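Structure, as structure tokens:
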Amino acid sequence: MQTIVIGHRNPDMDSICSALAYAELKRLTGQKNVLAARAGNTNERIDFVLKKFGVEPPALINDLSPRVADVMQPHVVSVRADSPVYDAIQLIDQKRMRGLPVVDASNRCLGLLSAFKVSHYLFPPREKAANARLVTASLADIVTTFGGTLVTGVLSAQPAEQLLMVGAMAQDSFGPRLQGYREKSVILFVGDRPHIQALAIAARVHAIVVTGDVAIDETIRAAAEAAGVTMIASPYDTATSVLLARGAVRVERMIEGDYQSFHADTLLDDARHLAAQSAAFIFPVLDDHGGLAGILSKSDFLKEIPRQLILVDHNELTQAVRGADKVPIIEIIDHHKLGGFSSDTPILFWNNPVGSTSTIVALCYQQLGIPVPAPIAGLLMSGIVADTLNLTSPTTTPVDCAALNRLAKIAQVNSDELATEIFCVGSPLLTMSPEQAISADAKPYEEDGHTFSVAQIEELTFAHFDEKRDALLAALDATRQRDGLLFACLLVTDINDQSSLLLVQGADEFLRTIDYPQRSPHIWELAGVVSRKKQLLPYLLHCLAQVRTGLR
């Protein structure tokens, strides 16, 4: 079972750093197969921090929706198309299966062989029983099925239609019956009956199988050799030899070519829907080249998905990586408002109203008495500095301050110098396109049937804002129209001045509720507002309530 520690979509510094640090804590406590992940791209500031402390970025995961690969059987028992049906029957019996996928020499799936179709061939309806004596197979394959021994002649490996005949009648009756098959390639199965054997040699049948492991008269053997008739000895009686010989027909003649297959990357829900409508017993899983990569049976859909999630820095599924609702969530570590999350079973849920999830992760190390590795301490410092604007945000608590001081000693890094380094890296307004700026740290919300998004970027100054203003507003409007949002907004925060500009594109009835000083159409000045979580979001929900009650 893999445990994935992952933050929200459009990850920020705190989301990335807390995921890496908490995954490392899990590993240090002895948990196996733990993966730190991110649900989006990093930015220049995050990349700077990761490089500074020598930590690799978390794995990028855009979708955790269960796939066919999660439950399929990768070790496939298959049969070659040119194999005798006898070999396929043995596999079906040994593996207790209802059928097998059929492949060519390159492991490319050609279709399915069902046990039902094989049994129908071996035991045909009474009205078609006469055709049971006709077998399209090579003499070599026929002999192999009953473990025969070549006495004289040649065992052809070329498949051809053979007529299986049993010499179980009187000599007077046998001759005329044999003449009736002179246009056929006859393989005669007969016991210790030299006269019948001699008649068959005279008629130049294709082959004679002497059954019962009896001795073959030397005169008969010599006559067969002279006439070019192949003679074979079978260790089994006539009935058993004929039954086994019918298994020499090649699998390719019984392939069901019309079958439902899946790719390993097919969504499990989609595969389940198609499988439910099919009467098939198994479903081949193919790679990009049609090769057989696995097999899926209907019982495989009942298997447990082999991964589980720990969410950090969020608790709303609207902000989680795609497919999170399809995978068991076993823990949540967060410092935001509750987003209506529910689970079928009890989970560990630590929601602490501090300034950063990185602070909570630092407390986890402290609570468990596990020393924080120096690089991890540096990451946690960066998460706290970024999310609290170096302890100046109104979300900052004494707990954050104490955690930052402890971590600074471990990492041997000055927090003020670290903050200066982080915020001096890459102005989002200059290094990002308008579309990236409004989405890099955007969080979607849903409240009373209304959906909206709130993004935030931090700048050292508003000096570059005016030149980007119109493009940012256009990008916000495009996002709002595309996603059907009531409104989309971007908070541009000056971390030195401790103030922000709020850009909003939305319905007129919502825009009329905003009562901050308006700088220009769709832009408001929010003095002293720097926190999306503690200041802006509660205000936006208040405005939304006014829209619902029609106060404006």
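Every chain in the structure tokens takes a letter, A first, then B, and so on in the order presented; its residues are numbered from 1, and the ligands are numbered from 1 following the presented order.
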
### Message
If you run DSSP on the backbone here, which positions in stretch 377-453 of chain A get strand (DSSP E)? Please write them as a PyMOL selection string.
### Response
chain A and resi 443-447+450-453

*Can you pull out every residue within 9 Å of A:Ala157, counting only C-alpha atoms, but drop anything in the same chain fewer than 3 positions away, and send it as a PyMOL selection string?*
chain A and resi 137-141

Taking a cut-off of 12 Å and counting only C-alpha atoms, can you build a table that, for each residue of stretch 383-440 of chain A near stretch 16-27 of chain A, reports the nearest atom pair and how far apart they are in Å (one decimal), sorted by chain then residue number, as CSV?
```
residue,atom,partner,partner_atom,distance
A:Gly383,CA,A:Cys17,CA,5.8
A:Ile384,CA,A:Cys17,CA,9.2
A:Val385,CA,A:Cys17,CA,11.2
A:Ala386,CA,A:Cys17,CA,10.3
A:Asp387,CA,A:Cys17,CA,11.0
```

Could those residues be written to a file, using N, CA and C atoms, as an mmCIF file, in the first residue's frame?
```cif
data_model
loop_
_atom_site.group_PDB
_atom_site.id
_atom_site.type_symbol
_atom_site.label_atom_id
_atom_site.label_comp_id
_atom_site.auth_asym_id
_atom_site.auth_seq_id
_atom_site.Cartn_x
_atom_site.Cartn_y
_atom_site.Cartn_z
ATOM 1 N N GLY A 383 8.075 27.404 4.657
ATOM 2 C CA GLY A 383 6.620 27.356 4.634
ATOM 3 C C GLY A 383 6.004 28.365 5.585
ATOM 4 N N ILE A 384 6.588 28.476 6.790
ATOM 5 C CA ILE A 384 6.069 29.429 7.779
ATOM 6 C C ILE A 384 6.298 30.861 7.321
ATOM 7 N N VAL A 385 7.511 31.165 6.847
ATOM 8 C CA VAL A 385 7.844 32.523 6.387
ATOM 9 C C VAL A 385 6.922 32.947 5.253
ATOM 10 N N ALA A 386 6.713 32.051 4.285
ATOM 11 C CA ALA A 386 5.888 32.400 3.123
ATOM 12 C C ALA A 386 4.427 32.599 3.499
ATOM 13 N N ASP A 387 3.894 31.720 4.352
ATOM 14 C CA ASP A 387 2.458 31.785 4.656
ATOM 15 C C ASP A 387 2.125 32.881 5.666
#
```

- Task: Determine, counting only C-alpha atoms, which protein, DNA and RNA residues have an atom within 10 Å of an atom of A:Pro398; residues of the same chain fewer than 6 positions away are not included. Present the result as a ChimeraX atom specification.
- Result: /A:354-355,391,404

Residues of stretch 196-279 of chain A that have any atom at most 12 Å from an atom of stretch 101-107 of chain A: could you tabulate them with the shortest-distance atom pair and the distance in Å to one decimal, using only C-alpha atoms, ordered by chain and increasing number, as a Markdown table?
```
| residue | atom | partner | partner_atom | distance |
| --- | --- | --- | --- | --- |
| A:Arg250 | CA | A:Val102 | CA | 11.2 |
| A:Val251 | CA | A:Val102 | CA | 7.9 |
| A:Glu252 | CA | A:Val102 | CA | 8.0 |
| A:Arg253 | CA | A:Val102 | CA | 11.1 |
| A:Met254 | CA | A:Val102 | CA | 9.8 |
| A:Ile255 | CA | A:Val102 | CA | 7.2 |
| A:Glu256 | CA | A:Val102 | CA | 9.1 |
| A:Gly257 | CA | A:Val102 | CA | 9.5 |
| A:Tyr259 | CA | A:Pro101 | CA | 10.1 |
| A:Gln260 | CA | A:Pro101 | CA | 11.5 |
| A:Ser261 | CA | A:Pro101 | CA | 10.6 |
```

Atom-to-atom span, atom CA of A:Pro371 and atom CA of A:Lys409, Å:
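Calculated distance between atom CA of A:Pro371 and atom CA of A:Lys409 is 12.2 Å.
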
Between A:Ala264, A:Leu429, A:Val285, A:Ile514, which residue has the minimum interatomic distance to A:Asp466, considering only C-alpha atoms?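 That would be A:Leu429, the residue with the smallest distance to A:Asp466.
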
What is the distance between atom CA of A:Lys298 and atom CA of A:Asp269, in Å to one decimal?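 Taking atom CA of A:Lys298 and atom CA of A:Asp269, their separation equals 12.5 Å.
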
Exercise. Between atom CA of A:Ala88 and atom CA of A:Val151, what is the spacing in Å?
Worked result: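 Interatomic distance, atom CA of A:Val151 to atom CA of A:Ala88: 27.7 Å.
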
Residues within 8 Å of stretch 181-187 of chain A, only C-alpha atoms, excluding chain neighbours under 3 positions, as a ChimeraX atom specification:
/A:161-165,177-178,203,205-209

| said: Set the distance at 12 Å and use only C-alpha atoms: which residues neighbour A:Ala478 once local chain neighbours fewer than 2 positions away are removed? I'd like the list as a ChimeraX atom specification. | reply: /A:434-435,438-439,471-476,480-485,487-489,504-506

ask   = Within 8 Å of A:Val210, counting only C-alpha atoms, which residues qualify if same-chain residues fewer than 6 places away don't, as a VMD selection string?
value = chain A and resid 189 to 192 216 231 to 234

Original post:
Restricting the calculation to only C-alpha atoms, which member of A:Lys32, A:Phe53, A:Thr136, A:Asn10 is positioned closest to A:Ile376?
Top reply: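 Closest residue, counting only C-alpha atoms: A:Phe53.
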
Which residues are close to A:Arg548, i.e. within 12 Å by only C-alpha atoms, leaving aside same-chain residues fewer than 4 positions away? Reply as a VMD selection string. chain A and resid 447 to 450 509 to 510 513 541 to 544 552

For this session: Enumerate as a list in words all residues of stretch 55-105 of chain A assigned to helix (DSSP H, G or I) by DSSP on the backbone, naming them with the chain letters and numbers the document uses.
Result: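 Restricting stretch 55-105 of chain A to helix (DSSP H, G or I) produces Val68, Ala69, Asp70, Val71, Val85, Tyr86, Asp87, Ala88, Ile89, Gln90, Leu91, Ile92, Asp93, Gln94 and Lys95 of chain A.
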
For A:Asp70, the closest of A:Ala408, A:Leu302, A:Ile457, A:Ala403 counting only C-alpha atoms is A:Leu302
